[in-house]
Structure formats: C-alpha cells, structure tokens
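See below for input14.cif, which holds mmCIF, C-alpha atoms.
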```
data_work
loop_
_atom_site.label_atom_id
_atom_site.label_comp_id
_atom_site.auth_asym_id
_atom_site.auth_seq_id
_atom_site.Cartn_x
_atom_site.Cartn_y
_atom_site.Cartn_z
CA MET A 275 48.61 -4.57 47.37
CA SER A 276 49.68 -3.04 50.68
CA ASP A 277 52.09 -3.40 53.56
CA SER A 278 49.08 -2.59 55.79
CA ILE A 279 45.50 -3.82 55.36
CA GLY A 280 44.91 -2.40 51.86
CA GLU A 281 41.70 -0.58 52.74
CA THR A 282 42.78 2.73 51.19
CA ALA A 283 43.58 1.16 47.83
CA GLU A 284 40.31 -0.76 47.75
CA THR A 285 38.30 2.39 48.52
CA VAL A 286 39.98 4.27 45.66
CA VAL A 287 39.42 1.35 43.27
CA ARG A 288 35.73 1.07 44.12
CA ALA A 289 35.24 4.82 43.72
CA THR A 290 36.97 4.67 40.32
CA VAL A 291 35.09 1.64 39.02
CA SER A 292 31.76 3.22 39.98
CA GLN A 293 32.38 5.86 37.31
CA PHE A 294 32.42 3.23 34.57
CA GLY A 295 29.34 1.20 35.42
CA LEU A 296 31.29 -2.04 35.37
CA GLY A 297 29.15 -4.90 36.62
CA ASN A 298 31.55 -7.83 36.50
CA PHE A 299 34.90 -7.20 38.09
CA ASP A 300 36.88 -8.69 40.93
CA ILE A 301 38.90 -6.88 43.57
CA VAL A 302 41.63 -8.98 45.15
CA ARG A 303 43.24 -7.45 48.21
CA VAL A 304 46.79 -8.57 49.11
CA PRO A 305 47.54 -7.08 52.56
CA TYR A 306 50.48 -7.14 54.96
CA ILE A 307 53.20 -7.46 52.33
CA ASP A 308 56.57 -7.59 54.06
CA SER A 309 58.90 -9.23 51.56
CA VAL A 310 60.12 -8.90 47.99
CA GLU A 311 59.19 -12.55 47.46
CA GLN A 312 55.50 -11.77 48.11
CA ILE A 313 55.61 -8.96 45.58
CA ASP A 314 57.36 -11.17 43.04
CA SER A 315 54.90 -14.05 43.29
CA THR A 316 51.87 -11.74 43.26
CA LEU A 317 52.95 -9.71 40.23
CA GLN A 318 53.96 -12.86 38.39
CA GLU A 319 50.43 -14.18 38.87
CA VAL A 320 48.89 -10.83 37.94
CA SER A 321 50.85 -10.81 34.66
CA THR A 322 48.75 -13.76 33.45
CA GLN A 323 45.47 -11.89 34.05
CA LYS A 324 43.73 -8.90 32.49
CA ALA A 325 44.28 -6.79 35.57
CA LEU A 326 45.34 -3.46 37.00
CA THR A 327 47.46 -3.51 40.15
CA CYS A 328 47.20 -0.68 42.67
CA HIS A 329 49.43 -0.37 45.70
CA THR A 330 49.83 1.70 48.86
CA LEU A 331 53.27 0.43 49.85
CA VAL A 332 55.11 2.92 52.05
CA SER A 333 58.33 1.01 52.68
CA PRO A 334 61.00 2.43 50.33
CA ASN A 335 62.56 -1.01 49.80
CA LEU A 336 59.24 -2.61 48.94
CA ARG A 337 58.27 0.27 46.67
CA GLU A 338 61.54 -0.01 44.79
CA ALA A 339 61.13 -3.78 44.45
CA PHE A 340 57.52 -3.35 43.30
CA ASN A 341 58.47 -0.91 40.53
CA ARG A 342 61.31 -3.13 39.34
CA LEU A 343 59.20 -6.30 39.29
CA ALA A 344 56.23 -4.56 37.68
CA GLN A 345 58.50 -3.64 34.76
CA LYS A 346 59.91 -7.17 34.65
CA TYR A 347 56.45 -8.75 34.35
CA ASN A 348 54.99 -5.90 32.26
CA VAL A 349 52.17 -5.28 34.74
CA GLU A 350 50.00 -2.15 34.60
CA THR A 351 50.24 -0.45 38.02
CA ILE A 352 49.03 2.58 39.95
CA ASP A 353 50.94 4.03 42.91
CA ILE A 354 48.14 5.54 45.01
CA LEU A 355 50.13 7.09 47.87
CA GLY A 356 53.39 7.91 46.08
CA PRO A 357 52.40 11.23 44.42
CA MET A 358 50.78 12.48 47.64
CA LEU A 359 53.80 11.54 49.75
CA GLN A 360 56.13 13.32 47.34
CA ALA A 361 53.95 16.44 47.15
CA VAL A 362 53.61 16.79 50.93
CA GLN A 363 57.32 16.11 51.41
CA LYS A 364 58.20 18.81 48.88
CA LEU A 365 55.78 21.33 50.38
CA SER A 366 56.60 20.71 54.04
CA GLY A 367 60.26 19.79 53.81
CA LEU A 368 59.53 16.87 56.15
CA GLU A 369 60.44 13.23 55.64
CA PRO A 370 57.58 10.70 55.70
CA LYS A 371 57.71 8.06 58.44
CA ASN A 372 57.32 5.28 55.87
CA GLN A 373 55.60 3.19 58.52
CA PRO A 374 52.69 0.98 57.41
CA GLY A 375 49.33 1.08 59.17
CA LEU A 376 49.67 4.41 60.99
CA MET A 377 46.12 5.32 60.04
CA HIS A 378 44.84 2.14 61.66
CA SER A 379 46.79 2.28 64.89
CA LEU A 380 45.06 0.38 67.67
CA ASN A 381 44.19 3.42 69.71
CA GLN A 382 41.21 4.19 71.87
CA GLU A 383 39.16 5.59 68.99
CA TYR A 384 39.72 2.41 66.98
CA PHE A 385 38.45 0.22 69.80
CA LYS A 386 35.41 2.47 70.28
CA ARG A 387 34.55 2.01 66.61
CA ILE A 388 34.88 -1.77 66.79
CA GLU A 389 32.76 -1.87 69.94
CA ALA A 390 30.06 0.24 68.26
CA ILE A 391 30.03 -2.01 65.18
CA GLU A 392 29.65 -5.12 67.34
CA PHE A 393 26.84 -3.38 69.24
CA ALA A 394 25.00 -2.52 66.00
CA VAL A 395 25.19 -6.14 64.84
CA LYS A 396 24.08 -7.52 68.20
CA TYR A 397 21.06 -5.23 68.52
CA ASP A 398 20.02 -5.04 64.88
CA ASP A 399 16.35 -5.40 63.91
CA GLY A 400 15.09 -5.59 67.50
CA LYS A 401 17.06 -8.76 68.28
CA SER A 402 17.29 -7.94 71.97
CA PRO A 403 15.36 -5.13 73.70
CA LEU A 404 17.93 -5.24 76.50
CA GLY A 405 20.31 -3.27 74.31
CA LEU A 406 17.99 -0.28 74.03
CA ARG A 407 18.97 1.22 77.39
CA LYS A 408 22.67 0.94 76.46
CA ALA A 409 22.31 2.59 73.04
CA ASP A 410 23.39 6.12 72.16
CA ILE A 411 20.74 6.18 69.42
CA VAL A 412 17.69 3.98 68.78
CA LEU A 413 16.30 3.95 65.23
CA ILE A 414 12.66 2.99 64.72
CA GLY A 415 10.67 2.57 61.52
CA VAL A 416 8.94 0.11 59.22
CA SER A 417 10.82 -2.44 57.14
CA ARG A 418 13.21 -1.11 54.43
CA THR A 419 13.69 2.39 55.86
CA SER A 420 17.48 1.94 56.00
CA LYS A 421 17.64 1.22 59.74
CA THR A 422 20.42 -1.37 59.45
CA PRO A 423 22.74 0.51 57.04
CA LEU A 424 22.26 3.67 59.10
CA SER A 425 23.13 1.75 62.27
CA MET A 426 26.36 0.51 60.70
CA TYR A 427 27.26 3.94 59.28
CA LEU A 428 26.77 5.59 62.67
CA ALA A 429 28.73 2.78 64.32
CA HIS A 430 31.71 3.84 62.23
CA LYS A 431 31.25 7.25 63.86
CA ARG A 432 31.59 5.42 67.22
CA LEU A 433 27.91 5.64 68.20
CA LYS A 434 26.20 2.60 69.69
CA VAL A 435 22.99 2.23 67.69
CA ALA A 436 20.12 -0.21 68.13
CA ASN A 437 17.15 -0.38 65.80
CA VAL A 438 13.60 -1.63 66.23
CA PRO A 439 11.14 -2.48 63.42
CA LEU A 440 7.61 -1.12 63.79
CA ILE A 441 4.99 -3.63 62.65
CA PRO A 442 1.20 -3.07 62.88
CA GLY A 443 -0.36 -5.51 65.30
CA ILE A 444 2.89 -6.07 67.18
CA THR A 445 3.45 -3.86 70.22
CA PRO A 446 6.99 -2.45 70.44
CA PRO A 447 9.06 -3.74 73.37
CA GLU A 448 8.39 -2.07 76.71
CA GLU A 449 12.07 -1.09 76.93
CA LEU A 450 11.61 1.24 73.95
CA PHE A 451 9.19 3.42 75.92
CA ARG A 452 11.80 3.87 78.64
CA VAL A 453 14.41 5.31 76.28
CA PRO A 454 14.77 9.12 76.55
CA PRO A 455 13.02 10.78 73.57
CA HIS A 456 16.18 12.58 72.43
CA LYS A 457 17.86 9.21 71.86
CA ILE A 458 15.13 7.92 69.54
CA VAL A 459 15.00 8.73 65.83
CA GLY A 460 11.98 7.75 63.75
CA LEU A 461 12.48 6.98 60.06
CA ILE A 462 9.57 7.38 57.65
CA VAL A 463 9.34 7.13 53.88
CA ASP A 464 6.78 8.06 51.22
CA PRO A 465 4.49 5.11 50.39
CA GLY A 466 5.27 5.25 46.66
CA LYS A 467 9.01 5.18 47.29
CA LEU A 468 8.70 2.30 49.74
CA ASN A 469 6.54 0.42 47.24
CA GLU A 470 9.38 0.65 44.69
CA ILE A 471 11.98 -0.48 47.21
CA ARG A 472 9.95 -3.43 48.46
CA THR A 473 8.93 -4.51 44.94
CA GLU A 474 12.60 -4.67 43.91
CA ARG A 475 13.40 -6.53 47.12
CA LEU A 476 10.75 -9.18 46.38
CA LYS A 477 12.05 -9.61 42.84
CA ALA A 478 15.61 -10.00 44.14
CA ILE A 479 14.62 -12.89 46.40
CA GLY A 480 12.39 -14.52 43.78
CA LEU A 481 8.96 -13.72 45.25
CA MET A 482 5.86 -12.30 43.58
CA SER A 483 5.89 -8.51 43.50
CA ASP A 484 2.17 -8.31 44.29
CA ALA A 485 2.59 -9.64 47.84
CA SER A 486 0.94 -7.57 50.59
CA TYR A 487 4.45 -6.55 51.72
CA ALA A 488 4.66 -4.29 48.66
CA LYS A 489 1.05 -3.16 48.31
CA ILE A 490 0.48 0.57 48.67
CA ALA A 491 -2.53 0.11 51.00
CA CYS A 492 -0.56 -2.10 53.39
CA ILE A 493 2.46 0.18 53.24
CA SER A 494 0.33 3.25 54.00
CA GLU A 495 -1.16 1.45 57.00
CA GLU A 496 2.32 0.55 58.28
CA ILE A 497 3.59 4.10 57.89
CA GLU A 498 0.59 5.61 59.66
CA TYR A 499 1.08 3.12 62.48
CA SER A 500 4.79 4.01 62.73
CA LYS A 501 3.93 7.73 62.83
CA SER A 502 1.54 7.12 65.73
CA ILE A 503 4.28 5.36 67.69
CA MET A 504 6.77 8.14 66.92
CA HIS A 505 4.21 10.70 68.08
CA GLN A 506 3.96 8.86 71.39
CA MET A 507 7.75 8.89 71.67
CA HIS A 508 8.02 12.66 70.99
CA CYS A 509 11.15 11.81 69.00
CA LEU A 510 12.95 13.29 66.02
CA VAL A 511 11.35 12.06 62.76
CA ILE A 512 13.25 12.02 59.46
CA ASN A 513 11.77 11.33 56.04
CA VAL A 514 14.41 9.22 54.27
CA SER A 515 12.59 9.02 50.90
CA ASN A 516 15.09 11.03 48.87
CA ARG A 517 18.02 11.12 51.25
CA ALA A 518 21.30 9.26 50.99
CA ILE A 519 22.44 7.31 54.04
CA GLU A 520 25.18 9.89 54.61
CA GLU A 521 22.72 12.79 54.63
CA THR A 522 20.38 11.12 57.11
CA ALA A 523 23.33 10.12 59.29
CA HIS A 524 24.56 13.73 59.29
CA MET A 525 21.18 14.93 60.57
CA ILE A 526 21.23 12.31 63.33
CA LEU A 527 24.80 13.21 64.30
CA GLU A 528 23.86 16.90 64.54
CA HIS A 529 20.85 15.99 66.69
CA TYR A 530 22.99 13.80 68.94
CA ALA A 531 25.70 16.47 69.26
CA LYS A 532 23.11 19.10 70.20
CA PHE A 533 21.85 17.09 73.17
CA ALA A 534 25.35 16.04 74.15
CA GLU A 535 26.30 19.72 74.37
CA GLU A 536 23.19 20.54 76.39
CA ARG A 537 24.04 17.78 78.88
CA LYS A 538 27.51 19.27 79.32
CA LEU A 539 26.05 22.72 80.03
CA ASN A 540 23.68 21.27 82.58
#
```
Would you write out, as structure tokens, the structure that this file holds?
Amino acid sequence: MSDSIGETAETVVRATVSQFGLGNFDIVRVPYIDSVEQIDSTLQEVSTQKALTCHTLVSPNLREAFNRLAQKYNVETIDILGPMLQAVQKLSGLEPKNQPGLMHSLNQEYFKRIEAIEFAVKYDDGKSPLGLRKADIVLIGVSRTSKTPLSMYLAHKRLKVANVPLIPGITPPEELFRVPPHKIVGLIVDPGKLNEIRTERLKAIGLMSDASYAKIACISEEIEYSKSIMHQMHCLVINVSNRAIEETAHMILEHYAKFAEERKLN
C-alpha cells in the first residue's frame, strides 16, 4: 500500500520472498492512497486473507490511520519507510517533506527513461532496421543470448537500444553495417550453455527438446556464424554464458561511457 505508485514496497517484497523459495504467492499493489476510507476498506479485506501488508505511506495522517486500523483489524504489517525516515531525521535534525512520489517526479531524466523503454520495445528483435541508426547501442547475437532483457535493462539506464538476431542463411539488414562499430555489441554464449537454455525453453512451450533449435551441432553453427558477422563489424564481443544481466549491462555501460568521453575530448 502506498500514497505513491507502490514500486518501492513491491521491490522489497520480491527481494524478501526470493529468500524463501516460495512458488505460489500473490502481490497486490494498492497505489495512490489518499484517504482513510481507502485504508479502512483495504485492511478490512486483508483481514480475511492469509496476508502480510507492507506500506510506504509518507503522509503522517495516513500513517497514523493505517496503524490504528491495522490494530483494529488485527492485520500483520510492515512499515518499510518509517524506520529509515526516523533514523535520517534523528541523524540530520531535518524534517522529512512527507510528500508522496518525490522519487518519481516527472523530470527530464524520467522522460528519457520512458522514451528509451519505448524505443527498446519498438526495435526489439530486429522489428525495424530503421531504428538502428537512432540507437545508442545495437545488440547482436543468436537467439536466447539475453538481447531483449539486456535492451530493457539498459533502457532503464536511459540508453536507446535496438537488437538484431543473427540467423545463418539470413543476411543481417544493410542498416546494421552502417552503424559505427563502437555502438555495436556482440553477444555470444558457450554451445553447451545455450543447449540447456533452449532445451528448457522448448519444454516450457510444450515442444520436443530434440528439435534442431536445441541441437549442439546447429547451435555451434549459429554461434560460428554470429562470430563471423561480429568480426566483420569489429565490435565489442561479450560472452554471456556465466554472466548475470547486470554484469553484462555494466560492461556495456563502461564501453559506452568510454566512447562518449572520447567524443567529448575530440
């Protein structure tokens, strides 16, 4: 529950639940709370469920009402921001603004992030080669090398990212060869690792795991083909086999920052 969008509380909840390996659980977000009546009706409903209620309410009146009504309905609750607000107030001697949504103010950085996310969706998986010349970064690689999740992660860092799948027998779009090499990042993966990923993917969608899509020989051919294209591009190549999305993204961000700095100096 939140008097803003509730994103902070949900992030904390998901991080907590991940430590318990719980498979079946529901997260219900109740954002933009601005009245005691909303709190009352929500907690009354929660009291009939086996549930834990977390909140990031910053309005003193709503916080007071929440605590009172939580006791009334005997609801288990967690105040996520309260202890931090009190600790910082005590340490700094400053009063908190108690204004919801300050972290999500509609400033220029926010709009850049939204624009980058929309860009990543629009130019995902080679949908339109026209986006390649507008991109800050272009990711290339065979299927299941994390191109899409990386594009979205980097979009949250305000980079416009397009990605293009490399498929043997299908020539990459001409526009790709016009992109400056420093803007292209090739993603490769070990054949054995990709075999595991693709086998699980086939099982998840109800297909036979022995399809050519998951065969080591076909995968090796795809990867060698992708390496030949990357060699032509003279681009940065990253092996994502044992790397988390965040680690790969960090390497790309460092690469991008390096060339951005060089352009400034020139």
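Near (47.7, -10.8, 49.5), the residues that fall inside 10 Å on the basis of only C-alpha atoms are Met275, Ser276, Asp277, Ile279, Gly280, Val302, Arg303, Val304, Pro305, Tyr306, Ile307, Gln312, Ile313 and Thr316 of chain A.
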> Quick one: distance from atom CA of Leu317 of chain A to atom CA of Val362 of chain A in Å, one decimal?
Replying inline: 28.6 Å
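When the PyMOL selection byres ((chain A and resi 325) around 12) is evaluated on the file shown here, the picked residues come out as A:Phe299, A:Asp300, A:Ile301, A:Val302, A:Thr316, A:Leu317, A:Gln318, A:Glu319, A:Val320, A:Ser321, A:Thr322, A:Gln323, A:Lys324, A:Leu326, A:Thr327, A:Cys328, A:Asn348, A:Val349, A:Glu350, A:Thr351, A:Ile352.
Taken over the shown file, the PyMOL selection byres ((chain A and resi 387) around 8) identifies Glu383, Tyr384, Phe385, Lys386, Ile388, Glu389, Ala390, Ile391, Ala429, His430, Lys431, Arg432 and Leu433 of chain A.
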Write out, as a Markdown table, each residue of segment 321-434 of chain A that has an atom at most 10 Å from segment 477-499 of chain A, together with the closest pair of atoms and their distance in Å to one decimal, counting only C-alpha atoms, rows going by chain and rising number.
```
| residue | atom | partner | partner_atom | distance |
| --- | --- | --- | --- | --- |
| A:Gly415 | CA | A:Ile497 | CA | 8.1 |
| A:Val416 | CA | A:Glu496 | CA | 6.7 |
| A:Ser417 | CA | A:Glu496 | CA | 9.1 |
```
>> Here's the selection I'm unsure about, the PyMOL selection byres ((chain A and resi 439) around 7); applied to the file above, which residues does it give, as an MDAnalysis selection string?
In response: chainID A and resid 399:400 414:417 437:438 440:441
> Which is closer to Tyr530 of chain A than all the others in A:Leu476, A:Val286, A:Ala409, A:Met358, using all atoms listed in the file?
Replying inline: A:Ala409
> In Å, with one decimal, what is the gap from atom CA of Glu536 of chain A to atom CA of His456 of chain A?
Replying inline: 11.3 Å
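Distances to Gln360 of chain A were evaluated for A:Ile458, A:Met507, A:Val332, A:Val310 using only C-alpha atoms, and the minimum falls at A:Val332.
Nearest residue to Ile503 of chain A, choosing from A:Leu359, A:Leu376, A:Ala289, A:Leu461 and counting all atoms listed in the file: A:Leu461.
Among the candidate residues A:Leu343, A:Val459, A:Val453, A:Leu424, the one lying nearest to Leu406 of chain A is A:Val453, with distances computed using all atoms listed in the file.
You will find atom CA of Thr330 of chain A at 6.4 Å from atom CA of Ala283 of chain A.
The smallest atom-to-atom distance between Met504 of chain A and any of A:Pro446, A:Pro334, A:Leu368, A:Ala531, using all atoms listed in the file, is found for A:Pro446.
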> Using only C-alpha atoms, which residue out of A:Lys434, A:Lys401, A:Lys396, A:Lys364 lies closest to Pro447 of chain A?
Replying inline: A:Lys401
Start from the incomplete input, build N, CA and C atoms for segment 276-292 of chain A, and deliver everything as a PDB file, in the coordinates of the input.
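Final file, selection.pdb:
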```
ATOM      1  N   SER A 276      49.346  -3.991  49.616  1.00  0.00           N
ATOM      2  CA  SER A 276      49.680  -3.040  50.680  1.00  0.00           C
ATOM      3  C   SER A 276      50.534  -3.698  51.740  1.00  0.00           C
ATOM      4  N   ASP A 277      51.361  -2.875  52.409  1.00  0.00           N
ATOM      5  CA  ASP A 277      52.090  -3.400  53.560  1.00  0.00           C
ATOM      6  C   ASP A 277      51.296  -3.150  54.843  1.00  0.00           C
ATOM      7  N   SER A 278      50.031  -2.649  54.676  1.00  0.00           N
ATOM      8  CA  SER A 278      49.080  -2.590  55.790  1.00  0.00           C
ATOM      9  C   SER A 278      47.877  -3.435  55.381  1.00  0.00           C
ATOM     10  N   ILE A 279      46.648  -2.961  55.655  1.00  0.00           N
ATOM     11  CA  ILE A 279      45.500  -3.820  55.360  1.00  0.00           C
ATOM     12  C   ILE A 279      44.937  -3.638  53.955  1.00  0.00           C
ATOM     13  N   GLY A 280      45.352  -2.576  53.239  1.00  0.00           N
ATOM     14  CA  GLY A 280      44.910  -2.400  51.860  1.00  0.00           C
ATOM     15  C   GLY A 280      43.565  -1.731  51.698  1.00  0.00           C
ATOM     16  N   GLU A 281      43.037  -1.188  52.780  1.00  0.00           N
ATOM     17  CA  GLU A 281      41.700  -0.580  52.740  1.00  0.00           C
ATOM     18  C   GLU A 281      41.674   0.685  51.885  1.00  0.00           C
ATOM     19  N   THR A 282      42.725   1.481  51.961  1.00  0.00           N
ATOM     20  CA  THR A 282      42.780   2.730  51.190  1.00  0.00           C
ATOM     21  C   THR A 282      42.729   2.445  49.699  1.00  0.00           C
ATOM     22  N   ALA A 283      43.544   1.497  49.249  1.00  0.00           N
ATOM     23  CA  ALA A 283      43.580   1.160  47.830  1.00  0.00           C
ATOM     24  C   ALA A 283      42.227   0.649  47.360  1.00  0.00           C
ATOM     25  N   GLU A 284      41.609  -0.206  48.156  1.00  0.00           N
ATOM     26  CA  GLU A 284      40.310  -0.760  47.750  1.00  0.00           C
ATOM     27  C   GLU A 284      39.255   0.330  47.643  1.00  0.00           C
ATOM     28  N   THR A 285      39.274   1.288  48.568  1.00  0.00           N
ATOM     29  CA  THR A 285      38.300   2.390  48.520  1.00  0.00           C
ATOM     30  C   THR A 285      38.467   3.206  47.250  1.00  0.00           C
ATOM     31  N   VAL A 286      39.710   3.500  46.886  1.00  0.00           N
ATOM     32  CA  VAL A 286      39.980   4.270  45.660  1.00  0.00           C
ATOM     33  C   VAL A 286      39.534   3.492  44.431  1.00  0.00           C
ATOM     34  N   VAL A 287      39.808   2.194  44.416  1.00  0.00           N
ATOM     35  CA  VAL A 287      39.420   1.350  43.270  1.00  0.00           C
ATOM     36  C   VAL A 287      37.907   1.334  43.114  1.00  0.00           C
ATOM     37  N   ARG A 288      37.191   1.131  44.210  1.00  0.00           N
ATOM     38  CA  ARG A 288      35.730   1.070  44.120  1.00  0.00           C
ATOM     39  C   ARG A 288      35.147   2.409  43.659  1.00  0.00           C
ATOM     40  N   ALA A 289      35.712   3.499  44.150  1.00  0.00           N
ATOM     41  CA  ALA A 289      35.240   4.820  43.720  1.00  0.00           C
ATOM     42  C   ALA A 289      35.487   5.026  42.232  1.00  0.00           C
ATOM     43  N   THR A 290      36.628   4.528  41.742  1.00  0.00           N
ATOM     44  CA  THR A 290      36.970   4.670  40.320  1.00  0.00           C
ATOM     45  C   THR A 290      36.060   3.827  39.452  1.00  0.00           C
ATOM     46  N   VAL A 291      35.900   2.568  39.821  1.00  0.00           N
ATOM     47  CA  VAL A 291      35.090   1.640  39.020  1.00  0.00           C
ATOM     48  C   VAL A 291      33.644   2.104  38.934  1.00  0.00           C
ATOM     49  N   SER A 292      33.145   2.765  39.984  1.00  0.00           N
ATOM     50  CA  SER A 292      31.760   3.220  39.980  1.00  0.00           C
ATOM     51  C   SER A 292      31.486   4.224  38.864  1.00  0.00           C
TER      52      SER A 292
END
```
